[in-house]
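Raw contents of coords28.csv, CSV, C-alpha atoms:
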chain,number,residue,atom,x,y,z
C,1,TRP,CA,62.2,-54.1,-81.9
C,2,THR,CA,60.6,-57.5,-82.0
C,3,THR,CA,60.7,-60.0,-84.8
C,4,LEU,CA,58.2,-62.7,-85.6
C,5,LEU,CA,59.9,-66.0,-86.6
C,6,SER,CA,58.5,-69.0,-88.3
C,7,PRO,CA,59.3,-72.5,-87.0
C,8,ASP,CA,62.0,-72.8,-89.7
C,9,GLN,CA,63.5,-69.5,-88.8
C,10,LEU,CA,63.5,-70.4,-85.1
C,11,ALA,CA,65.2,-73.7,-85.8
C,12,ASP,CA,67.8,-72.0,-88.0
C,13,ARG,CA,68.6,-69.3,-85.4
C,14,PHE,CA,68.4,-71.6,-82.4
C,15,PRO,CA,69.5,-75.1,-83.6
C,16,TRP,CA,69.0,-76.6,-80.1
C,17,LEU,CA,65.3,-75.7,-80.1
C,18,ASN,CA,62.6,-78.3,-80.8
C,19,VAL,CA,59.9,-76.3,-82.7
C,20,GLY,CA,57.3,-79.0,-82.6
C,21,GLY,CA,53.9,-77.5,-81.8
C,22,ILE,CA,55.1,-74.0,-82.4
C,23,ALA,CA,53.3,-71.8,-85.0
C,24,LEU,CA,55.2,-68.6,-84.4
C,25,GLY,CA,57.9,-67.2,-82.2
C,26,CYS,CA,58.5,-63.6,-81.0
C,27,LEU,CA,62.0,-62.4,-80.5
C,28,GLY,CA,63.1,-59.1,-79.0
C,29,GLU,CA,66.0,-57.9,-81.1
C,30,LYS,CA,67.0,-54.9,-79.0
C,31,ASN,CA,66.1,-53.0,-75.8
C,32,GLU,CA,65.2,-56.3,-74.3
C,33,GLY,CA,66.9,-58.4,-71.6
C,34,TRP,CA,67.2,-58.7,-67.8
C,35,PHE,CA,69.1,-57.0,-65.0
C,36,ASP,CA,69.9,-57.6,-61.4
C,37,PRO,CA,67.1,-55.8,-59.5
C,38,TRP,CA,69.0,-55.9,-56.2
C,39,ALA,CA,72.1,-54.3,-57.7
C,40,LEU,CA,69.9,-51.5,-59.2
C,41,LEU,CA,68.1,-50.9,-56.0
C,42,SER,CA,71.4,-50.7,-54.1
C,43,ALA,CA,72.8,-48.2,-56.6
C,44,LEU,CA,69.6,-46.0,-56.4
C,45,ARG,CA,69.7,-46.2,-52.6
C,46,SER,CA,73.4,-45.3,-52.4
C,47,LYS,CA,72.9,-42.3,-54.8
C,48,ALA,CA,69.8,-41.1,-52.9
C,49,LYS,CA,71.8,-41.1,-49.6
C,50,GLU,CA,74.6,-39.2,-51.3
C,51,LEU,CA,72.0,-36.6,-52.3
C,52,GLY,CA,70.7,-36.3,-48.7
C,53,VAL,CA,67.8,-38.7,-48.5
C,54,VAL,CA,67.3,-40.2,-45.1
C,55,PHE,CA,66.2,-43.9,-44.9
C,56,VAL,CA,64.2,-45.0,-41.9
C,57,GLU,CA,63.8,-48.8,-41.4
C,58,GLY,CA,60.5,-49.9,-39.9
C,59,LEU,CA,57.1,-51.6,-40.3
C,60,VAL,CA,54.1,-49.5,-41.3
C,61,ARG,CA,51.6,-49.8,-38.4
C,62,ASP,CA,49.0,-47.2,-39.5
C,63,VAL,CA,48.2,-44.6,-42.1
C,64,HIS,CA,46.5,-41.3,-41.0
C,65,THR,CA,44.2,-39.7,-43.5
C,66,ALA,CA,42.0,-36.6,-43.8
C,67,SER,CA,39.1,-35.7,-46.1
C,68,SER,CA,40.0,-33.7,-49.2
C,69,GLY,CA,36.8,-33.1,-51.1
C,70,SER,CA,35.5,-36.4,-52.3
C,71,ARG,CA,38.8,-38.1,-51.8
C,72,LYS,CA,41.3,-38.7,-48.9
C,73,LYS,CA,44.7,-37.4,-48.3
C,74,VAL,CA,47.5,-39.2,-46.4
C,75,THR,CA,48.8,-36.9,-43.6
C,76,ALA,CA,51.1,-39.2,-41.7
C,77,VAL,CA,52.4,-42.8,-41.4
C,78,ASP,CA,53.1,-44.6,-38.1
C,79,LEU,CA,56.2,-46.8,-38.1
C,80,GLU,CA,57.4,-49.5,-35.7
C,81,LEU,CA,61.1,-49.2,-35.6
C,82,PRO,CA,63.5,-52.2,-35.2
C,83,ASN,CA,64.1,-51.3,-31.5
C,84,GLY,CA,60.4,-51.6,-30.8
C,85,SER,CA,59.7,-47.9,-30.5
C,86,THR,CA,57.3,-46.1,-32.8
C,87,SER,CA,57.7,-43.0,-35.0
C,88,THR,CA,55.2,-40.9,-36.9
C,89,LEU,CA,56.2,-39.4,-40.2
C,90,ASP,CA,54.3,-36.5,-41.6
C,91,THR,CA,53.8,-36.9,-45.3
C,92,LYS,CA,53.3,-34.9,-48.5
C,93,TRP,CA,53.5,-37.8,-50.9
C,94,VAL,CA,53.4,-41.6,-50.1
C,95,VAL,CA,54.6,-44.2,-52.6
C,96,ASN,CA,53.3,-47.7,-51.9
C,97,SER,CA,56.0,-50.1,-53.0
C,98,ALA,CA,55.3,-52.8,-50.5
C,99,GLY,CA,55.0,-55.4,-53.3
C,100,ALA,CA,53.1,-58.5,-52.1
C,101,TRP,CA,51.9,-56.6,-49.1
C,102,SER,CA,50.8,-53.4,-50.8
C,103,SER,CA,47.2,-54.1,-50.1
C,104,GLN,CA,47.8,-54.0,-46.4
C,105,ILE,CA,49.1,-50.4,-46.7
C,106,VAL,CA,45.9,-49.4,-48.6
C,107,ASP,CA,43.7,-51.1,-46.0
C,108,TYR,CA,45.3,-48.9,-43.3
C,109,CYS,CA,43.7,-45.9,-45.1
C,110,GLY,CA,40.2,-47.0,-44.0
C,111,PRO,CA,37.0,-48.6,-45.4
C,112,ASP,CA,36.3,-45.6,-47.6
C,113,VAL,CA,39.4,-46.4,-49.7
C,114,ALA,CA,39.0,-49.1,-52.3
C,115,SER,CA,41.2,-52.2,-51.5
C,116,LEU,CA,44.0,-53.2,-53.7
C,117,PRO,CA,43.5,-56.6,-55.4
C,118,VAL,CA,47.0,-57.7,-54.8
C,119,ARG,CA,47.9,-60.8,-52.8
C,120,PRO,CA,51.2,-62.7,-52.0
C,121,ARG,CA,51.6,-65.9,-54.1
C,122,LYS,CA,54.5,-68.2,-53.7
C,123,ARG,CA,56.8,-68.7,-56.7
C,124,PHE,CA,59.9,-70.8,-57.1
C,125,VAL,CA,63.1,-70.3,-59.1
C,126,PHE,CA,65.5,-73.2,-59.9
C,127,SER,CA,69.2,-72.8,-60.8
C,128,VAL,CA,70.2,-75.7,-63.0
C,129,HIS,CA,73.3,-76.9,-64.8
C,130,CYS,CA,73.4,-78.5,-68.3
C,131,PRO,CA,76.6,-80.4,-69.0
C,132,GLU,CA,76.0,-80.4,-72.7
C,133,GLU,CA,77.6,-77.7,-74.9
C,134,PRO,CA,76.4,-75.7,-77.9
C,135,PRO,CA,75.1,-76.3,-80.5
C,136,ALA,CA,73.3,-79.2,-78.8
C,137,ALA,CA,72.6,-76.9,-75.8
C,138,PRO,CA,71.6,-73.3,-75.7
C,139,ASP,CA,74.6,-70.9,-76.2
C,140,PRO,CA,74.5,-68.4,-73.3
C,141,THR,CA,75.9,-65.6,-75.5
C,142,THR,CA,72.9,-65.8,-77.9
C,143,THR,CA,70.1,-67.3,-76.0
C,144,PRO,CA,67.4,-64.9,-74.8
C,145,LEU,CA,64.8,-65.4,-72.0
C,146,VAL,CA,62.8,-68.3,-73.5
C,147,VAL,CA,59.1,-68.7,-72.5
C,148,ASP,CA,57.4,-71.9,-73.6
C,149,PRO,CA,53.7,-71.8,-74.5
C,150,SER,CA,53.1,-73.7,-71.2
C,151,GLY,CA,54.5,-70.8,-69.3
C,152,ALA,CA,57.7,-72.6,-68.3
C,153,TYR,CA,60.7,-70.3,-68.9
C,154,PHE,CA,64.5,-70.4,-68.7
C,155,ARG,CA,67.4,-68.0,-69.4
C,156,PRO,CA,71.2,-68.2,-69.1
C,157,GLU,CA,72.6,-67.1,-65.7
C,158,GLY,CA,76.3,-66.9,-64.8
C,159,PRO,CA,79.0,-69.3,-66.3
C,160,PRO,CA,78.3,-71.4,-69.4
C,161,GLY,CA,75.9,-74.2,-68.8
C,162,ARG,CA,74.0,-72.5,-65.9
C,163,PHE,CA,70.4,-71.5,-66.3
C,164,LEU,CA,67.5,-70.2,-64.2
C,165,CYS,CA,64.0,-71.6,-64.8
C,166,GLY,CA,60.5,-71.6,-63.3
C,167,ILE,CA,56.8,-71.6,-64.0
C,168,SER,CA,53.6,-70.3,-62.4
C,169,PRO,CA,52.0,-73.3,-60.7
C,170,PRO,CA,49.7,-75.1,-63.1
C,171,GLU,CA,46.5,-76.9,-62.2
C,172,GLY,CA,47.1,-79.6,-59.6
C,173,PHE,CA,49.7,-77.5,-57.8
C,174,SER,CA,49.0,-75.1,-54.9
C,175,ASP,CA,48.7,-71.5,-56.0
C,176,GLN,CA,46.7,-70.0,-53.1
C,177,ASP,CA,46.8,-66.5,-51.7
C,178,HIS,CA,49.0,-66.3,-48.7
C,179,GLU,CA,48.4,-64.3,-45.6
C,180,HIS,CA,48.7,-60.7,-46.8
C,181,ARG,CA,49.3,-59.1,-43.4
C,182,HIS,CA,52.9,-58.4,-42.6
C,183,ASP,CA,54.0,-57.5,-39.1
C,184,SER,CA,56.8,-58.1,-36.6
C,185,GLY,CA,55.3,-61.4,-35.6
C,186,SER,CA,55.0,-62.7,-39.1
C,187,SER,CA,58.7,-62.6,-40.0
C,188,GLN,CA,59.6,-66.1,-38.7
C,189,ARG,CA,56.5,-67.6,-40.3
C,190,LEU,CA,57.5,-66.0,-43.6
C,191,GLU,CA,61.1,-67.2,-43.4
C,192,LYS,CA,59.8,-70.8,-42.7
C,193,GLU,CA,57.4,-70.6,-45.5
C,194,LEU,CA,60.0,-69.4,-48.0
C,195,GLY,CA,62.4,-72.2,-46.9
C,196,ALA,CA,60.0,-74.8,-48.4
C,197,VAL,CA,60.6,-75.2,-52.1
C,198,ASP,CA,58.2,-77.5,-54.1
C,199,HIS,CA,60.7,-79.6,-56.0
C,200,ALA,CA,57.9,-81.7,-57.5
C,201,LEU,CA,57.1,-78.6,-59.6
C,202,PHE,CA,60.5,-78.9,-61.2
C,203,ASP,CA,60.5,-82.7,-61.5
C,204,GLU,CA,57.0,-83.1,-62.9
C,205,VAL,CA,56.4,-79.9,-64.8
C,206,ILE,CA,59.4,-77.7,-65.6
C,207,TRP,CA,62.0,-80.4,-66.4
C,208,PRO,CA,59.8,-82.4,-68.8
C,209,THR,CA,58.8,-79.2,-70.6
C,210,LEU,CA,62.3,-78.0,-71.0
C,211,TYR,CA,63.5,-81.4,-72.2
C,212,GLU,CA,60.7,-81.4,-74.8
C,213,ARG,CA,62.1,-78.1,-76.1
C,214,CYS,CA,65.8,-79.0,-75.9
C,215,ALA,CA,67.0,-82.6,-75.8
C,216,ALA,CA,70.2,-81.5,-74.1
C,217,PHE,CA,68.1,-80.5,-71.1
C,218,GLY,CA,67.5,-84.1,-70.3
C,219,ASN,CA,70.7,-84.0,-68.3
C,220,LEU,CA,69.8,-81.0,-66.2
C,221,LYS,CA,70.9,-81.0,-62.6
C,222,VAL,CA,69.4,-78.6,-60.0
C,223,GLN,CA,72.2,-76.6,-58.3
C,224,SER,CA,70.0,-74.5,-56.0
C,225,SER,CA,66.5,-73.2,-55.6
C,226,TRP,CA,64.6,-70.6,-53.7
C,227,ALA,CA,61.1,-69.2,-53.1
C,228,GLY,CA,59.7,-65.7,-53.0
C,229,PHE,CA,56.3,-64.0,-52.7
C,230,TYR,CA,55.0,-62.6,-56.0
C,231,GLU,CA,52.7,-59.6,-55.9
C,232,TYR,CA,49.7,-61.2,-57.7
C,233,ASN,CA,47.0,-59.0,-59.1
C,234,THR,CA,43.9,-61.2,-58.7
C,235,ILE,CA,41.9,-59.2,-61.3
C,236,ASP,CA,44.1,-59.3,-64.4
C,237,GLN,CA,47.7,-60.2,-63.2
C,238,ASN,CA,49.0,-56.8,-64.4
C,239,GLY,CA,51.0,-54.3,-62.3
C,240,VAL,CA,49.3,-51.4,-60.6
C,241,VAL,CA,50.9,-48.0,-61.2
C,242,GLY,CA,49.6,-44.5,-60.6
C,243,ILE,CA,47.6,-42.4,-58.1
C,244,HIS,CA,44.9,-44.3,-56.1
C,245,PRO,CA,41.5,-43.1,-57.2
C,246,ASP,CA,40.4,-42.5,-53.6
C,247,VAL,CA,43.6,-40.9,-52.3
C,248,GLU,CA,45.1,-37.8,-53.9
C,249,ASN,CA,48.7,-38.2,-52.6

Kindly transcribe the structure held in the file into structure tokens.
Amino acid sequence: WTTLLSPDQLADRFPWLNVGGIALGCLGEKNEGWFDPWALLSALRSKAKELGVVFVEGLVRDVHTASSGSRKKVTAVDLELPNGSTSTLDTKWVVNSAGAWSSQIVDYCGPDVASLPVRPRKRFVFSVHCPEEPPAAPDPTTTPLVVDPSGAYFRPEGPPGRFLCGISPPEGFSDQDHEHRHDSGSSQRLEKELGAVDHALFDEVIWPTLYERCAAFGNLKVQSSWAGFYEYNTIDQNGVVGIHPDVEN
């Protein structure tokens, strides 16, 4: 499903690509790509409602546990509802999908439950337009998600000439853990924080890197940009999936 390509093969397949400094490329030939996660989530939510699932909006305020042998078992979850009232939900199974704030949910289980090494780290995405056309510029119908050895990436998005790009902040740019507690009082702080995009990251790091890989990207113009909190595993940067070793459900 993946093909290793030499610099000559890369240049032949993607004529816009500068292969200087590249020893080998890896291309996903099938079962690769990207999708709209919000559209998928909305579809899953809609179908779940159709099948009788009841969604309750609220902030987790506490997690109740009981001993179960050498481990713990979650028995209930306290929620703060949008109107300010509270509700307690009895639980059989609990899925922690709080993303960047998933460690807060685990912390509610008490000191006997190992903390989750996940913290919110701010990431930026830039939507850019390239006025040049193929073959000088990437063809959106054949260009995959491209990741430079530096970590800078781009991919086609929307109409011809539009791309999304970004990078994890390199040395010299802030990449600190942000406050990992999320409550009703933090919403405005988070909105303010996410409203601040580091455009120097694009101007000084992303753009020069993309230009080095594709000369047509010298004429890029930023159309829009946004920030979000990425769930960053401080141990090995991988996702955490499965049953918590200290909690059976």

Residues of range 90-173 of chain C that approach range 215-238 of chain C to 12 Å or less, counting all atoms listed in the file: could you list each one with the shortest pair of atoms and its distance in Å to one decimal, rows by chain and increasing residue number, as CSV?
residue,atom,partner,partner_atom,distance
C:Ser97,CA,C:Glu231,CA,10.5
C:Ala98,CA,C:Glu231,CA,9.1
C:Gly99,CA,C:Glu231,CA,5.4
C:Ala100,CA,C:Glu231,CA,4.0
C:Trp101,CA,C:Glu231,CA,7.5
C:Ser102,CA,C:Glu231,CA,8.2
C:Ser103,CA,C:Glu231,CA,9.7
C:Ser115,CA,C:Asn233,CA,11.7
C:Leu116,CA,C:Asn233,CA,8.5
C:Pro117,CA,C:Asn233,CA,5.6
C:Val118,CA,C:Asn233,CA,4.5
C:Arg119,CA,C:Tyr232,CA,5.2
C:Pro120,CA,C:Glu231,CA,5.2
C:Arg121,CA,C:Tyr230,CA,5.1
C:Lys122,CA,C:Phe229,CA,4.7
C:Arg123,CA,C:Gly228,CA,5.6
C:Phe124,CA,C:Ala227,CA,4.5
C:Val125,CA,C:Trp226,CA,5.6
C:Phe126,CA,C:Ser225,CA,4.4
C:Ser127,CA,C:Ser224,CA,5.2
C:Val128,CA,C:Val222,CA,4.2
C:His129,CA,C:Lys221,CA,5.2
C:Cys130,CA,C:Leu220,CA,4.9
C:Pro131,CA,C:Asn219,CA,6.9
C:Glu132,CA,C:Ala216,CA,6.1
C:Glu133,CA,C:Ala216,CA,8.4
C:Pro134,CA,C:Ala216,CA,9.3
C:Pro135,CA,C:Ala216,CA,9.6
C:Ala136,CA,C:Ala216,CA,6.1
C:Ala137,CA,C:Ala216,CA,5.5
C:Pro138,CA,C:Ala216,CA,8.5
C:Asp139,CA,C:Ala216,CA,11.7
C:Phe154,CA,C:Phe217,CA,11.0
C:Gly161,CA,C:Leu220,CA,9.5
C:Arg162,CA,C:Gln223,CA,8.8
C:Phe163,CA,C:Leu220,CA,9.5
C:Leu164,CA,C:Ser225,CA,9.2
C:Cys165,CA,C:Ser225,CA,9.7
C:Gly166,CA,C:Ser225,CA,9.9
C:Ile167,CA,C:Ala227,CA,12.0
C:Ser168,CA,C:Tyr230,CA,10.1

Given all atoms listed in the file, how would the per-residue table for range 139-187 of chain C near range 26-45 of chain C read, listing every residue at most 10 Å away with its closest atom pair and distance in Å to one decimal, sorted by chain and number, as CSV?
residue,atom,partner,partner_atom,distance
C:Pro144,CA,C:Gly33,CA,7.3
C:Leu145,CA,C:Gly33,CA,7.3
C:Val146,CA,C:Leu27,CA,9.2
C:Val147,CA,C:Cys26,CA,9.9
C:Arg155,CA,C:Trp34,CA,9.4

_Between CA of Glu212 in chain C and CA of Tyr153 in chain C, what is the distance in Å, rounded to a tenth?_
12.6 Å

*To one decimal in Å, tell me the separation between CA of Ser85 in chain C and CA of Phe55 in chain C.*
16.3 Å

_Exercise: Arg71 in chain C partners within 8 Å, all atoms listed in the file, chain neighbours under 6 positions left out, as JSON, numbers by chain_ = {"C": [245, 246, 247, 248]}

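Considering the residues C:Ala152, C:Asp175, C:Leu89, C:Pro159 and counting all atoms listed in the file, Phe202 in chain C has its shortest atom-to-atom contact with C:Ala152.
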
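The interatomic distance for the pair CA of Val94 in chain C and CA of Val54 in chain C works out to 14.8 Å.
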
*Taking into account all atoms listed in the file, which residue in the set C:Glu191, C:Glu157, C:Asp62, C:Asp148 is nearest to Tyr211 in chain C?*
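Smallest distance to Tyr211 in chain C is found for C:Asp148.
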
*Which is closer to Gly25 in chain C than all the others in C:Asp12, C:Gly242, C:Pro111, C:Pro7, using only C-alpha atoms?*
C:Pro7

*If we count only C-alpha atoms, what is near Val63 in chain C at a cut-off of 12 Å, once residues fewer than 6 positions away on the same chain are taken out, given as a ChimeraX atom specification?*
/C:72-79,87-91,94,96,104-110,113,247

Can those selected residues be exported to a file as a compact mmCIF listing (two decimals), in the coordinates of the input so that it contains C-alpha atoms?
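Everything below was put into again_18.txt:
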# COMPACT_ATOMS: atom_id res chain seq x y z
CA LYS C 72 41.30 -38.70 -48.90
CA LYS C 73 44.70 -37.40 -48.30
CA VAL C 74 47.50 -39.20 -46.40
CA THR C 75 48.80 -36.90 -43.60
CA ALA C 76 51.10 -39.20 -41.70
CA VAL C 77 52.40 -42.80 -41.40
CA ASP C 78 53.10 -44.60 -38.10
CA LEU C 79 56.20 -46.80 -38.10
CA SER C 87 57.70 -43.00 -35.00
CA THR C 88 55.20 -40.90 -36.90
CA LEU C 89 56.20 -39.40 -40.20
CA ASP C 90 54.30 -36.50 -41.60
CA THR C 91 53.80 -36.90 -45.30
CA VAL C 94 53.40 -41.60 -50.10
CA ASN C 96 53.30 -47.70 -51.90
CA GLN C 104 47.80 -54.00 -46.40
CA ILE C 105 49.10 -50.40 -46.70
CA VAL C 106 45.90 -49.40 -48.60
CA ASP C 107 43.70 -51.10 -46.00
CA TYR C 108 45.30 -48.90 -43.30
CA CYS C 109 43.70 -45.90 -45.10
CA GLY C 110 40.20 -47.00 -44.00
CA VAL C 113 39.40 -46.40 -49.70
CA VAL C 247 43.60 -40.90 -52.30

*Counting all atoms listed in the file, which of C:Pro149, C:Ala48, C:Ser174, C:Leu59 gets nearest to Val197 in chain C?*
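Closest to Val197 in chain C, using all atoms listed in the file: C:Ser174.
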
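Among the candidate residues C:Ala66, C:Leu10, C:Ala114, C:Val56, the one lying nearest to Thr86 in chain C is C:Val56, with distances computed using all atoms listed in the file.
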
*Distance criterion (all atoms listed in the file): nearest to Pro170 in chain C out of C:Val205, C:Thr141, C:Arg189, C:Ser46*: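 Nearest candidate to Pro170 in chain C out of C:Val205, C:Thr141, C:Arg189, C:Ser46: C:Val205.
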